[in-house]
Each structure stands twice: as structure tokens, then as C-alpha cells.
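Asks: For reference, the file data36.txt (compact mmCIF, C-alpha atoms) is included below:
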```txt
# COMPACT_ATOMS: atom_id res chain seq x y z
CA MET A 1372 174.57 -37.36 61.21
CA SER A 1373 173.05 -40.49 59.65
CA LYS A 1374 174.15 -41.76 56.23
CA ARG A 1375 172.43 -40.00 53.36
CA MET A 1376 170.07 -42.59 51.87
CA LYS A 1377 167.86 -43.07 48.85
CA ILE A 1378 164.62 -44.81 49.72
CA CYS A 1379 161.36 -45.64 47.99
CA ILE A 1380 157.78 -46.33 49.04
CA ASN A 1381 154.88 -48.20 47.45
CA THR A 1382 151.24 -48.87 48.34
CA GLY A 1383 149.67 -52.22 47.50
CA GLY A 1384 146.41 -54.12 47.87
CA GLY A 1385 143.08 -52.40 48.39
CA ASP A 1386 143.09 -48.68 49.06
CA ALA A 1387 142.45 -47.42 52.58
CA PRO A 1388 142.05 -44.01 54.21
CA GLY A 1389 145.45 -43.02 55.62
CA LEU A 1390 147.70 -44.15 52.78
CA ASN A 1391 148.53 -40.58 51.81
CA ALA A 1392 149.32 -39.75 55.42
CA VAL A 1393 151.93 -42.55 55.48
CA ILE A 1394 153.43 -41.21 52.23
CA GLU A 1395 153.58 -37.70 53.70
CA ALA A 1396 155.22 -38.87 56.94
CA VAL A 1397 157.82 -41.02 55.14
CA THR A 1398 158.65 -38.18 52.77
CA MET A 1399 158.97 -35.53 55.46
CA ALA A 1400 160.90 -37.75 57.89
CA ALA A 1401 163.33 -38.71 55.11
CA TYR A 1402 163.64 -35.14 53.83
CA ASN A 1403 164.50 -33.91 57.32
CA ARG A 1404 167.36 -36.44 57.31
CA GLN A 1405 168.49 -35.13 53.92
CA TRP A 1406 167.51 -38.41 52.23
CA GLU A 1407 166.00 -38.82 48.78
CA VAL A 1408 162.52 -40.35 48.54
CA TYR A 1409 160.82 -41.89 45.52
CA GLY A 1410 157.29 -43.19 45.03
CA ILE A 1411 156.76 -46.50 43.24
CA LYS A 1412 153.44 -46.34 41.40
CA SER A 1413 150.80 -49.10 41.50
CA GLY A 1414 152.45 -51.48 43.90
CA TYR A 1415 155.57 -52.97 42.30
CA THR A 1416 154.68 -51.84 38.77
CA GLY A 1417 157.15 -48.98 39.04
CA LEU A 1418 159.96 -51.43 39.71
CA LEU A 1419 159.05 -53.33 36.55
CA ASN A 1420 158.49 -50.24 34.43
CA THR A 1421 160.77 -47.62 35.95
CA ASP A 1422 158.96 -44.80 34.15
CA GLU A 1423 156.38 -45.30 36.91
CA ILE A 1424 158.68 -43.89 39.62
CA ILE A 1425 158.30 -40.32 40.86
CA ARG A 1426 160.43 -38.15 43.12
CA LEU A 1427 158.64 -37.24 46.34
CA THR A 1428 159.33 -33.83 47.88
CA PRO A 1429 157.74 -31.82 50.69
CA GLU A 1430 155.91 -29.77 48.05
CA LYS A 1431 154.36 -32.88 46.47
CA VAL A 1432 153.07 -34.29 49.76
CA ASP A 1433 152.02 -31.02 51.40
CA GLY A 1434 148.60 -31.49 52.98
CA ILE A 1435 147.85 -34.94 51.56
CA ALA A 1436 147.40 -36.54 55.01
CA SER A 1437 143.75 -35.49 55.00
CA VAL A 1438 143.07 -36.84 51.50
CA GLY A 1439 141.70 -40.33 50.89
CA GLY A 1440 143.19 -42.81 48.44
CA THR A 1441 146.86 -42.81 47.48
CA ILE A 1442 148.77 -40.48 45.18
CA LEU A 1443 150.90 -43.48 44.15
CA GLY A 1444 148.01 -45.67 43.07
CA THR A 1445 147.57 -49.26 44.21
CA THR A 1446 146.65 -52.68 42.88
CA ASN A 1447 145.67 -56.08 44.22
CA LYS A 1448 146.74 -57.79 40.98
CA GLY A 1449 150.44 -56.96 41.00
CA ASN A 1450 152.33 -59.83 42.63
CA PRO A 1451 155.74 -59.89 40.84
CA PHE A 1452 156.23 -63.50 41.92
CA MET A 1453 153.09 -64.47 39.96
CA MET A 1454 152.64 -61.66 37.44
CA GLN A 1455 150.09 -62.11 34.68
CA VAL A 1456 151.81 -61.51 31.33
CA CYS A 1457 149.87 -61.46 28.05
CA ASN A 1458 151.18 -61.57 24.48
CA ALA A 1459 149.82 -59.81 21.38
CA ALA A 1460 147.45 -62.70 20.73
CA GLY A 1461 145.84 -62.23 24.13
CA GLU A 1462 147.33 -65.42 25.56
CA CYS A 1463 148.23 -64.95 29.22
CA GLU A 1464 150.43 -66.83 31.66
CA GLN A 1465 151.84 -66.22 35.11
CA ARG A 1466 155.55 -65.52 35.38
CA ASP A 1467 157.97 -64.83 38.20
CA LEU A 1468 159.33 -61.34 37.53
CA SER A 1469 160.81 -60.84 40.99
CA ASP A 1470 164.39 -60.95 39.71
CA LYS A 1471 163.63 -58.03 37.38
CA VAL A 1472 162.26 -56.08 40.36
CA MET A 1473 165.44 -56.82 42.31
CA ASP A 1474 167.66 -55.82 39.38
CA ASN A 1475 165.88 -52.49 38.95
CA PHE A 1476 165.93 -51.81 42.69
CA ARG A 1477 169.71 -52.29 42.73
CA ARG A 1478 170.29 -50.45 39.44
CA LEU A 1479 168.45 -47.40 40.80
CA ARG A 1480 170.62 -47.64 43.94
CA PHE A 1481 167.76 -47.64 46.40
CA ASP A 1482 168.82 -48.29 49.99
CA ALA A 1483 165.41 -49.42 51.28
CA LEU A 1484 161.74 -49.89 50.44
CA VAL A 1485 158.80 -48.91 52.64
CA ALA A 1486 156.06 -51.36 51.64
CA VAL A 1487 152.56 -50.30 52.72
CA GLY A 1488 149.88 -52.98 52.55
CA GLY A 1489 147.89 -55.78 54.11
CA ASP A 1490 148.82 -59.40 54.56
CA GLY A 1491 149.08 -60.11 50.82
CA SER A 1492 151.25 -57.07 50.07
CA LEU A 1493 153.45 -57.61 53.12
CA GLU A 1494 153.91 -61.28 52.26
CA ILE A 1495 155.34 -60.08 48.92
CA ALA A 1496 157.54 -57.62 50.83
CA HIS A 1497 158.79 -60.44 53.08
CA ARG A 1498 159.66 -62.57 50.03
CA PHE A 1499 161.66 -59.67 48.61
CA ALA A 1500 163.42 -59.27 51.96
CA GLN A 1501 164.43 -62.92 51.69
CA LYS A 1502 165.91 -62.14 48.27
CA GLY A 1503 168.03 -59.38 49.82
CA MET A 1504 165.88 -56.26 49.50
CA PRO A 1505 165.99 -54.02 52.61
CA VAL A 1506 162.26 -53.71 53.39
CA VAL A 1507 160.21 -52.15 56.19
CA GLY A 1508 156.47 -52.91 56.19
CA VAL A 1509 153.57 -50.68 57.21
CA PRO A 1510 150.30 -52.54 57.98
CA LYS A 1511 147.25 -51.28 56.14
CA THR A 1512 143.79 -52.81 55.86
CA ILE A 1513 140.29 -51.63 56.64
CA ASP A 1514 139.57 -55.24 57.69
CA ASN A 1515 141.91 -55.02 60.73
CA ASP A 1516 142.93 -58.66 60.23
CA MET A 1517 146.69 -58.07 60.10
CA GLY A 1518 148.59 -59.84 62.87
CA GLY A 1519 151.23 -58.28 65.07
CA THR A 1520 149.50 -54.91 65.57
CA VAL A 1521 146.65 -53.83 67.82
CA ILE A 1522 145.00 -52.06 64.89
CA THR A 1523 145.68 -51.17 61.27
CA PHE A 1524 145.05 -47.76 59.78
CA GLY A 1525 141.93 -47.49 57.63
CA PHE A 1526 139.85 -49.58 60.02
CA ASP A 1527 138.63 -46.71 62.18
CA THR A 1528 137.46 -44.75 59.13
CA ALA A 1529 135.68 -47.78 57.66
CA VAL A 1530 133.84 -48.41 60.94
CA ASN A 1531 132.84 -44.75 61.18
CA ILE A 1532 131.42 -44.79 57.65
CA ALA A 1533 129.53 -48.05 58.27
CA THR A 1534 128.14 -46.78 61.57
CA GLU A 1535 126.90 -43.56 59.98
CA ALA A 1536 125.16 -45.57 57.25
CA ILE A 1537 123.50 -47.83 59.84
CA ASP A 1538 122.37 -44.78 61.81
CA ARG A 1539 120.69 -43.40 58.67
CA LEU A 1540 118.97 -46.71 57.91
CA HIS A 1541 117.15 -46.76 61.26
CA SER A 1542 114.75 -43.98 60.25
CA THR A 1543 113.80 -45.47 56.89
CA ALA A 1544 113.51 -48.99 58.31
CA LYS A 1545 111.27 -47.72 61.11
CA SER A 1546 109.08 -45.74 58.71
CA HIS A 1547 108.27 -48.86 56.68
CA ASP A 1548 108.45 -51.55 59.43
CA ARG A 1549 111.24 -53.06 57.35
CA VAL A 1550 114.21 -55.33 57.98
CA MET A 1551 117.33 -53.72 56.52
CA VAL A 1552 120.27 -56.08 55.94
CA VAL A 1553 123.54 -54.17 55.57
CA GLU A 1554 126.60 -55.88 54.07
CA VAL A 1555 129.99 -54.53 55.13
CA MET A 1556 133.54 -55.44 54.15
CA GLY A 1557 136.01 -57.44 56.22
CA ARG A 1558 136.76 -60.57 54.18
CA ASN A 1559 137.24 -63.43 56.68
CA ALA A 1560 137.25 -61.20 59.77
CA GLY A 1561 134.18 -59.64 61.37
CA PHE A 1562 135.74 -56.56 62.99
CA ILE A 1563 133.93 -53.96 60.84
CA ALA A 1564 130.55 -55.67 61.21
CA LEU A 1565 130.99 -56.17 64.95
CA ASN A 1566 132.14 -52.66 65.78
CA SER A 1567 129.73 -50.80 63.50
CA GLY A 1568 126.85 -53.10 64.40
CA ILE A 1569 127.20 -52.50 68.12
CA SER A 1570 127.77 -48.77 67.66
CA GLY A 1571 124.84 -48.52 65.22
CA ASN A 1572 122.37 -50.33 67.54
CA ALA A 1573 121.86 -53.32 65.24
CA ASP A 1574 119.52 -56.14 66.22
CA VAL A 1575 121.59 -58.87 64.56
CA ILE A 1576 125.29 -59.05 63.65
CA LEU A 1577 126.62 -61.86 61.48
CA ILE A 1578 130.38 -62.42 61.34
CA PRO A 1579 132.60 -65.11 59.78
CA GLU A 1580 133.79 -66.31 63.18
CA ILE A 1581 130.27 -67.37 64.25
CA PRO A 1582 128.35 -69.46 61.66
CA PHE A 1583 124.70 -68.40 61.78
CA ASP A 1584 121.36 -70.20 61.89
CA LEU A 1585 118.64 -68.37 59.93
CA GLU A 1586 115.91 -69.76 62.18
CA LYS A 1587 117.53 -68.15 65.22
CA ILE A 1588 117.81 -64.85 63.37
CA CYS A 1589 114.12 -64.98 62.48
CA ASP A 1590 113.22 -65.92 66.05
CA LYS A 1591 115.02 -62.80 67.25
CA LEU A 1592 113.20 -60.59 64.75
CA MET A 1593 109.77 -62.02 65.63
CA GLU A 1594 110.53 -61.64 69.34
CA ASN A 1595 111.29 -57.97 68.67
CA GLU A 1596 107.98 -57.68 66.83
CA LEU A 1597 106.08 -59.09 69.80
CA ASN A 1598 107.80 -56.49 71.98
CA GLY A 1599 106.68 -53.65 69.70
CA ARG A 1600 109.82 -53.19 67.57
CA LYS A 1601 108.48 -53.82 64.07
CA TYR A 1602 111.66 -52.96 62.18
CA ALA A 1603 115.17 -54.35 62.42
CA ILE A 1604 118.75 -53.75 61.37
CA VAL A 1605 120.91 -56.74 60.46
CA VAL A 1606 124.62 -56.11 59.87
CA VAL A 1607 126.43 -58.87 58.00
CA ALA A 1608 130.11 -59.20 57.18
CA GLU A 1609 130.78 -60.15 53.55
CA GLY A 1610 132.51 -63.36 54.71
CA ALA A 1611 129.75 -64.56 57.06
CA VAL A 1612 128.52 -68.10 56.46
CA PRO A 1613 125.41 -70.05 57.46
CA LYS A 1614 125.91 -73.19 59.55
CA GLY A 1615 126.82 -76.01 57.20
CA GLY A 1616 127.05 -73.60 54.28
CA GLU A 1617 129.79 -71.87 52.33
CA VAL A 1618 130.88 -68.30 51.81
CA ILE A 1619 129.09 -66.52 48.96
CA ILE A 1620 131.35 -65.09 46.25
CA LYS A 1621 130.84 -62.77 43.28
CA GLY A 1622 134.01 -63.68 41.39
CA GLU A 1623 136.97 -66.01 41.35
CA ALA A 1624 140.62 -65.16 41.97
CA GLU A 1625 141.80 -64.45 38.43
CA GLY A 1626 143.80 -61.97 36.39
CA GLY A 1627 146.50 -61.81 39.06
CA ARG A 1628 144.01 -61.18 41.87
CA GLN A 1629 145.08 -62.86 45.11
CA HIS A 1630 141.61 -63.49 46.61
CA VAL A 1631 138.12 -64.37 45.43
CA VAL A 1632 135.64 -61.49 45.30
CA LEU A 1633 133.20 -61.79 48.19
CA GLY A 1634 129.65 -60.45 48.09
CA GLY A 1635 125.98 -61.39 47.99
CA ILE A 1636 125.44 -62.55 51.57
CA ALA A 1637 123.16 -59.59 52.47
CA GLU A 1638 120.82 -60.30 49.56
CA TYR A 1639 120.70 -63.98 50.53
CA VAL A 1640 119.90 -63.22 54.17
CA ALA A 1641 117.25 -60.60 53.29
CA LYS A 1642 115.44 -63.03 50.94
CA GLU A 1643 115.49 -65.79 53.55
CA ILE A 1644 114.12 -63.47 56.24
CA SER A 1645 111.28 -62.38 53.94
CA LYS A 1646 110.48 -65.98 53.04
CA ARG A 1647 110.52 -67.23 56.63
CA THR A 1648 108.82 -64.30 58.41
CA GLY A 1649 106.79 -62.54 55.73
CA LYS A 1650 108.44 -59.25 56.69
CA ASP A 1651 109.50 -56.74 54.05
CA SER A 1652 113.29 -57.12 53.95
CA ARG A 1653 115.79 -55.17 51.87
CA SER A 1654 119.55 -55.53 51.43
CA MET A 1655 122.20 -52.88 51.01
CA VAL A 1656 125.90 -53.28 50.23
CA LEU A 1657 128.13 -50.47 51.48
CA GLY A 1658 131.04 -51.71 49.39
CA HIS A 1659 133.78 -49.27 48.50
CA LEU A 1660 132.16 -46.39 50.37
CA GLN A 1661 134.04 -47.82 53.35
CA ARG A 1662 137.37 -47.27 51.60
CA GLY A 1663 136.78 -43.75 50.33
CA GLY A 1664 136.98 -40.25 51.70
CA SER A 1665 139.12 -38.54 54.29
CA PRO A 1666 140.61 -40.61 57.12
CA THR A 1667 139.42 -40.01 60.66
CA THR A 1668 141.68 -38.18 63.10
CA PHE A 1669 142.67 -41.54 64.61
CA ASP A 1670 143.66 -43.00 61.24
CA ARG A 1671 145.55 -39.86 60.20
CA LEU A 1672 147.59 -39.84 63.38
CA LEU A 1673 148.25 -43.59 63.30
CA SER A 1674 149.33 -43.38 59.64
CA LEU A 1675 151.69 -40.48 60.34
CA ARG A 1676 153.16 -42.35 63.31
CA PHE A 1677 153.63 -45.50 61.20
CA GLY A 1678 155.32 -43.57 58.38
CA ALA A 1679 157.75 -41.78 60.67
CA ALA A 1680 158.51 -45.02 62.53
CA ALA A 1681 159.28 -46.77 59.21
CA VAL A 1682 161.95 -44.17 58.46
CA ARG A 1683 163.43 -44.62 61.94
CA ALA A 1684 163.51 -48.39 61.33
CA ILE A 1685 165.45 -47.85 58.08
CA GLU A 1686 167.87 -45.57 59.93
CA ALA A 1687 168.40 -48.31 62.53
CA GLY A 1688 168.84 -51.01 59.87
CA LYS A 1689 165.82 -53.02 61.09
CA PHE A 1690 164.71 -54.62 57.85
CA ASP A 1691 162.23 -57.42 57.17
CA HIS A 1692 160.21 -55.90 60.02
CA MET A 1693 156.83 -54.18 60.21
CA VAL A 1694 155.90 -51.15 62.26
CA ALA A 1695 153.02 -51.95 64.61
CA LEU A 1696 150.89 -50.37 67.29
CA LYS A 1697 151.63 -51.93 70.65
CA SER A 1698 149.60 -49.48 72.71
CA PRO A 1699 150.58 -46.86 73.53
CA ASP A 1700 153.80 -47.11 71.50
CA ILE A 1701 154.86 -47.98 67.98
CA ALA A 1702 157.04 -51.09 67.89
CA LEU A 1703 158.78 -53.26 65.30
CA VAL A 1704 157.60 -56.80 64.61
CA PRO A 1705 159.35 -59.30 62.29
CA LEU A 1706 157.31 -59.65 59.11
CA GLU A 1707 157.42 -63.43 59.35
CA GLU A 1708 155.92 -63.27 62.84
CA ALA A 1709 153.18 -60.83 61.84
CA LEU A 1710 152.26 -62.83 58.75
CA GLY A 1711 152.01 -65.99 60.84
CA ILE A 1712 149.17 -64.54 62.91
CA GLN A 1713 145.66 -64.81 61.49
CA LYS A 1714 143.82 -62.11 63.44
CA ARG A 1715 140.11 -62.77 63.84
CA VAL A 1716 137.36 -61.65 66.20
CA ASP A 1717 137.67 -63.29 69.61
CA VAL A 1718 134.21 -64.84 70.01
CA ASN A 1719 134.72 -64.95 73.77
CA GLY A 1720 136.17 -61.46 73.97
CA ASP A 1721 134.76 -58.38 75.67
CA THR A 1722 133.30 -56.83 72.51
CA VAL A 1723 131.24 -59.92 71.61
CA LEU A 1724 130.18 -60.32 75.25
CA THR A 1725 129.08 -56.67 75.30
CA ALA A 1726 126.94 -57.24 72.22
CA ARG A 1727 125.31 -60.29 73.76
CA ASP A 1728 124.72 -58.47 77.06
CA ILE A 1729 122.80 -55.69 75.34
CA GLY A 1730 120.64 -58.13 73.39
CA ILE A 1731 122.29 -58.37 69.97
CA CYS A 1732 121.87 -61.72 68.21
CA PHE A 1733 124.69 -63.48 66.37
CA GLY A 1734 122.49 -66.13 64.85
CA ASP A 1735 123.89 -68.88 67.05
```
Go through the file and emit its structure as C-alpha cells.
Replies:
Amino acid sequence: MSKRMKICINTGGGDAPGLNAVIEAVTMAAYNRQWEVYGIKSGYTGLLNTDEIIRLTPEKVDGIASVGGTILGTTNKGNPFMMQVCNAAGECEQRDLSDKVMDNFRRLRFDALVAVGGDGSLEIAHRFAQKGMPVVGVPKTIDNDMGGTVITFGFDTAVNIATEAIDRLHSTAKSHDRVMVVEVMGRNAGFIALNSGISGNADVILIPEIPFDLEKICDKLMENELNGRKYAIVVVAEGAVPKGGEVIIKGEAEGGRQHVVLGGIAEYVAKEISKRTGKDSRSMVLGHLQRGGSPTTFDRLLSLRFGAAAVRAIEAGKFDHMVALKSPDIALVPLEEALGIQKRVDVNGDTVLTARDIGICFGD
């Protein structure tokens, strides 16, 4: 029988469908080993304010695998190494509170942490591992840009939601002979736009990996018009950029946020298409719809597999590692190795070639 352990789990960064399934799998796998499991609320907040720690039991996680969001809450502003601290006068500064996190982790006699998150959250986890915290990472991001794993959970659900939205836009675009420009998430990776755009029969897909030329986009749309297709669907990733231009942002990285807030590219592209072609063009931002709701069957299963594998990694003493899908199996990858890989769309890969073969334009 394995040593009886006391472990904890947190969820950090943006929410993603499948987080609750990971929590359920970790809890059940630990419980079946007669371990204690605790949930750290809002990233690392619970290890700064220990009132934000809850005991997880089979009763508390029963059936949550099908529920979106996370019962533990999450944040993308909670980096303990650069925590925003404000005084009564409203004056704020960034402080390194990582030692306090370590002290509370040891005081509470936790044996290991399961850290669920994307590259930002897992970089924090890796830094804590270097300070001596036994950590196992679980890769989560709807953007699918995490290195070391074939796919991250949350991505499949986001693509399904985006594809369904694109499918619905075809009928209204066709009714009005309109160009509909749909903005999807993905940050600096175009996986959501590429996969949903192909699946949703888009005419144009714009991704960060391929800078676009508006003239070539307009040429494609006018060619379609000459061939009798008077409407069009353009799918654009939030991080797409025009040739010689810069990414469009809505907000700066502030208040403890790790990244700038992207957004506005769909509106820009729609206005330029209208100006250059005279066609009625409208923009739509799917935004957080892609993060919400129940996870797909694929994401539920992957999340459950990841959670159970994280507990097995703790049992084996494989810390400072991340569980990863190496089809068809779940494997362990050193966090440092995974974080060193910037996963982006392969512009010469089969998926992009498929899109080109069936006539989709990338604006290049």
C-alpha cells in the first residue's frame, strides 16, 4: 500500500471546459488511495489566505465532470512572484510573496500540489518546484498552445462552440449578401481559428502565424462574387496581424495580469473590407462563449485521464513534471521542457494544406 498522503490542487489562468473533470479525477484517484485532498481557491490565493482552502471529498465532486468552469475558481492575476499589493491609500506595488506560499504549504503539511493551468500558470508551478515544492502540472488552455502535449483540454470544446457559431452565421450572411467577420480566441496561436474555420466552411481564415494582406482577402471575396457566392465568412484569430502591422489590443497587462488583452481585429478587418469592396460587412466577437458550458466528450475524457495520471505521478514521486497526451497514451514531460516549446500552427502542415486545397484563403 502506498504512503498515505495529503495533496492539494489549484486551477489558474483563464477558465476552460474540463477543469472540474480534472478536479473530480484527482479527488477520486486520491480518495481511492486513502489520501486527503484539498482545493486551493483562485489559483494560489488559498496558499496566501488559508481560509480559501476547502476539503475535497467524493460527495463534493460527484458529477462535476460535465459542468463547465471550476468549483475552485481561477484567476490570471495571481502570480505570487509578482503579486499586486495595495495599501489603505490605494497605492499599489508588486511584491514577491512566494516565500509565504511555501511557508503555508509546509505548515499545512501538504505532500504535493497538482497545478492545473496554461503556460503562465505552469511557469509559476515550475518556479515553485525549483523552490522545493513537489508539483505535478496539468496542461489546460483552449488555445492549444502549450508545448509538450498533442492537445490540451478545453480546446476541443472551444472549437466546437466556434464551429457551431460559424454554421449559424452562414444563413444570415447568405440572406443579406453580407461578409461576416468572426473573431475567435487563441492569443498568439491560430489553432481555434484554423480548425473551426475549416470545419465551418469559411472563405478566409486569418491566423497569427500567417500575416495577411487585405488586398488579397478582398480579391478572394470579389472572385467569389463573380462565381455567384455573394456572401462570405471570414474567421480571424484575435492575435492575427496584417503584413507590416501590429497586433490589436484592448488593454494593457496591468493589475497583476500576465498578458495584454487582445481584441478588435474583426472590427478592423470588417471595416477595411467594406471600404475596399463596398460590400456590407459585419464583425462578431465570440469571446468568452468559447470558454463556457459543458466540455465535449473528448475534453471530459482527456481531463479525467490527466487528473488520474497526475495522482499516479505523485505516487511515483515524479515532480516538476507535467502530464501530457502522447497519443494514444498519457506521458510525463518535464515542466522545463514543456515550457520551452512555443507551440504554434505549422504553416506547412497538413491542416493548412487541406485548407488551401479546398480553396480557403489565408490572406497571403
Asks: So which one's closest to Arg1600 of chain A, A:His1692, A:Lys1431, A:Arg1549, A:Lys1587? Using all atoms listed in the file, please.
Replies: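 Looking only at the distances to Arg1600 of chain A, the closest residue turns out to be A:Arg1549.
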Asks: Could you tell me which of A:Asn1447, A:Ser1437, A:Gln1405, A:Ser1492 comes closest to Leu1706 of chain A if we count all atoms listed in the file?
Replies: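 So, comparing all the options, the nearest one is A:Ser1492.
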Asks: Rank A:Ile1619, A:Leu1484, A:Cys1379, A:Cys1463 by their smallest atom-to-atom distance to His1497 of chain A, using all atoms listed in the file, and report the top residue only.
Replies: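 Going through A:Ile1619, A:Leu1484, A:Cys1379, A:Cys1463 one by one, the smallest distance to His1497 of chain A is for A:Leu1484.
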Asks: Provide the atom CA of Arg1676 of chain A to atom CA of Val1521 of chain A distance in Å, to one decimal place.
Replies: 13.9 Å
Asks: For Gly1730 of chain A, which residue among A:Leu1592, A:Ala1544, A:Leu1585, A:Ile1522 is the nearest when counting only C-alpha atoms?
Replies: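 Closest candidate: A:Leu1592.
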Asks: Show me, as a PDB file with C-alpha atoms, in the coordinates of the input, the residues that have an atom within 10 Å of Glu1554 of chain A when counting all atoms listed in the file, minus same-chain residues fewer than 3 positions from it.
Replies:
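And here's around-v4.pdb as it stands now:
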```pdb
ATOM      1  CA  ALA A1533     129.530 -48.050  58.270  1.00  0.00           C
ATOM      2  CA  MET A1551     117.330 -53.720  56.520  1.00  0.00           C
ATOM      3  CA  GLY A1557     136.010 -57.440  56.220  1.00  0.00           C
ATOM      4  CA  ALA A1564     130.550 -55.670  61.210  1.00  0.00           C
ATOM      5  CA  LEU A1577     126.620 -61.860  61.480  1.00  0.00           C
ATOM      6  CA  VAL A1605     120.910 -56.740  60.460  1.00  0.00           C
ATOM      7  CA  VAL A1606     124.620 -56.110  59.870  1.00  0.00           C
ATOM      8  CA  VAL A1607     126.430 -58.870  58.000  1.00  0.00           C
ATOM      9  CA  ALA A1608     130.110 -59.200  57.180  1.00  0.00           C
ATOM     10  CA  GLU A1609     130.780 -60.150  53.550  1.00  0.00           C
ATOM     11  CA  GLY A1610     132.510 -63.360  54.710  1.00  0.00           C
ATOM     12  CA  ALA A1611     129.750 -64.560  57.060  1.00  0.00           C
ATOM     13  CA  GLY A1634     129.650 -60.450  48.090  1.00  0.00           C
ATOM     14  CA  GLY A1635     125.980 -61.390  47.990  1.00  0.00           C
ATOM     15  CA  ILE A1636     125.440 -62.550  51.570  1.00  0.00           C
ATOM     16  CA  ALA A1637     123.160 -59.590  52.470  1.00  0.00           C
ATOM     17  CA  GLU A1638     120.820 -60.300  49.560  1.00  0.00           C
ATOM     18  CA  VAL A1640     119.900 -63.220  54.170  1.00  0.00           C
ATOM     19  CA  SER A1654     119.550 -55.530  51.430  1.00  0.00           C
ATOM     20  CA  MET A1655     122.200 -52.880  51.010  1.00  0.00           C
ATOM     21  CA  VAL A1656     125.900 -53.280  50.230  1.00  0.00           C
ATOM     22  CA  LEU A1657     128.130 -50.470  51.480  1.00  0.00           C
ATOM     23  CA  GLY A1658     131.040 -51.710  49.390  1.00  0.00           C
TER      24      GLY A1658
END
```
Asks: Tell me, as number ranges by chain, which residues lie within 8 Å of Val1575 of chain A, counting only C-alpha atoms; anything in the same chain fewer than 5 positions away does not count.
Replies: A: 1568, 1588, 1604-1606, 1731-1734
Asks: Which residue gives the smallest distance to Cys1589 of chain A among A:Thr1428, A:Thr1668, A:Gln1661, A:Ser1652, with all atoms listed in the file counted?
Replies: A:Ser1652
Asks: Between A:Ile1435, A:Ala1726, A:Leu1418, A:Ile1578, which residue has the minimum interatomic distance to Met1399 of chain A, considering all atoms listed in the file?
Replies: A:Ile1435
Asks: Write out as a list in words the residues lying within 7 Å of segment 1510-1512 of chain A, counting all atoms listed in the file and excluding same-chain residues fewer than 6 positions away.
Replies: Ala1387, Val1487, Gly1488, Gly1489, Thr1523, Phe1524, Gly1525 and Phe1526 of chain A
Asks: Just to confirm, what's the straight-line distance from atom CA of Asp1717 of chain A to atom CA of Gly1519 of chain A in Å (one decimal)?
Replies: 15.2 Å
Asks: Please output segment 1586-1592 of chain A, rebuilt to include all heavy atoms, as a short mmCIF file (atom, residue, chain, number, x, y, z; two decimals), in the coordinates of the input.
Replies:
```
data_model
loop_
_atom_site.label_atom_id
_atom_site.label_comp_id
_atom_site.auth_asym_id
_atom_site.auth_seq_id
_atom_site.Cartn_x
_atom_site.Cartn_y
_atom_site.Cartn_z
N GLU A 1586 117.08 -69.63 61.31
CA GLU A 1586 115.91 -69.76 62.18
C GLU A 1586 116.08 -68.93 63.45
O GLU A 1586 115.13 -68.30 63.93
CB GLU A 1586 115.66 -71.23 62.52
CG GLU A 1586 115.09 -72.05 61.39
CD GLU A 1586 113.73 -71.52 60.91
OE1 GLU A 1586 112.93 -71.10 61.76
OE2 GLU A 1586 113.50 -71.52 59.69
N LYS A 1587 117.28 -68.92 63.99
CA LYS A 1587 117.53 -68.15 65.22
C LYS A 1587 117.48 -66.65 64.94
O LYS A 1587 117.04 -65.87 65.79
CB LYS A 1587 118.86 -68.56 65.84
CG LYS A 1587 118.83 -70.00 66.36
CD LYS A 1587 120.03 -70.34 67.19
CE LYS A 1587 119.86 -71.75 67.76
NZ LYS A 1587 121.01 -72.18 68.57
N ILE A 1588 117.92 -66.26 63.75
CA ILE A 1588 117.81 -64.85 63.37
C ILE A 1588 116.35 -64.46 63.29
O ILE A 1588 115.92 -63.42 63.82
CB ILE A 1588 118.51 -64.61 62.02
CG1 ILE A 1588 120.02 -64.84 62.15
CG2 ILE A 1588 118.24 -63.19 61.52
CD1 ILE A 1588 120.75 -64.90 60.82
N CYS A 1589 115.55 -65.28 62.63
CA CYS A 1589 114.12 -64.98 62.48
C CYS A 1589 113.40 -65.00 63.82
O CYS A 1589 112.50 -64.18 64.06
CB CYS A 1589 113.49 -65.98 61.52
SG CYS A 1589 114.08 -65.81 59.81
N ASP A 1590 113.81 -65.90 64.70
CA ASP A 1590 113.22 -65.92 66.05
C ASP A 1590 113.48 -64.60 66.77
O ASP A 1590 112.59 -64.06 67.45
CB ASP A 1590 113.81 -67.07 66.87
CG ASP A 1590 113.31 -68.44 66.43
OD1 ASP A 1590 112.31 -68.49 65.68
OD2 ASP A 1590 113.94 -69.45 66.81
N LYS A 1591 114.68 -64.08 66.63
CA LYS A 1591 115.02 -62.80 67.25
C LYS A 1591 114.16 -61.68 66.70
O LYS A 1591 113.63 -60.84 67.45
CB LYS A 1591 116.51 -62.51 67.02
CG LYS A 1591 116.95 -61.08 67.33
CD LYS A 1591 116.87 -60.75 68.81
CE LYS A 1591 117.41 -59.35 69.08
NZ LYS A 1591 117.27 -58.97 70.51
N LEU A 1592 113.98 -61.65 65.38
CA LEU A 1592 113.20 -60.59 64.75
C LEU A 1592 111.73 -60.66 65.15
O LEU A 1592 111.08 -59.64 65.39
CB LEU A 1592 113.34 -60.66 63.23
CG LEU A 1592 114.77 -60.52 62.68
CD1 LEU A 1592 114.77 -60.57 61.16
CD2 LEU A 1592 115.45 -59.26 63.19
#
```
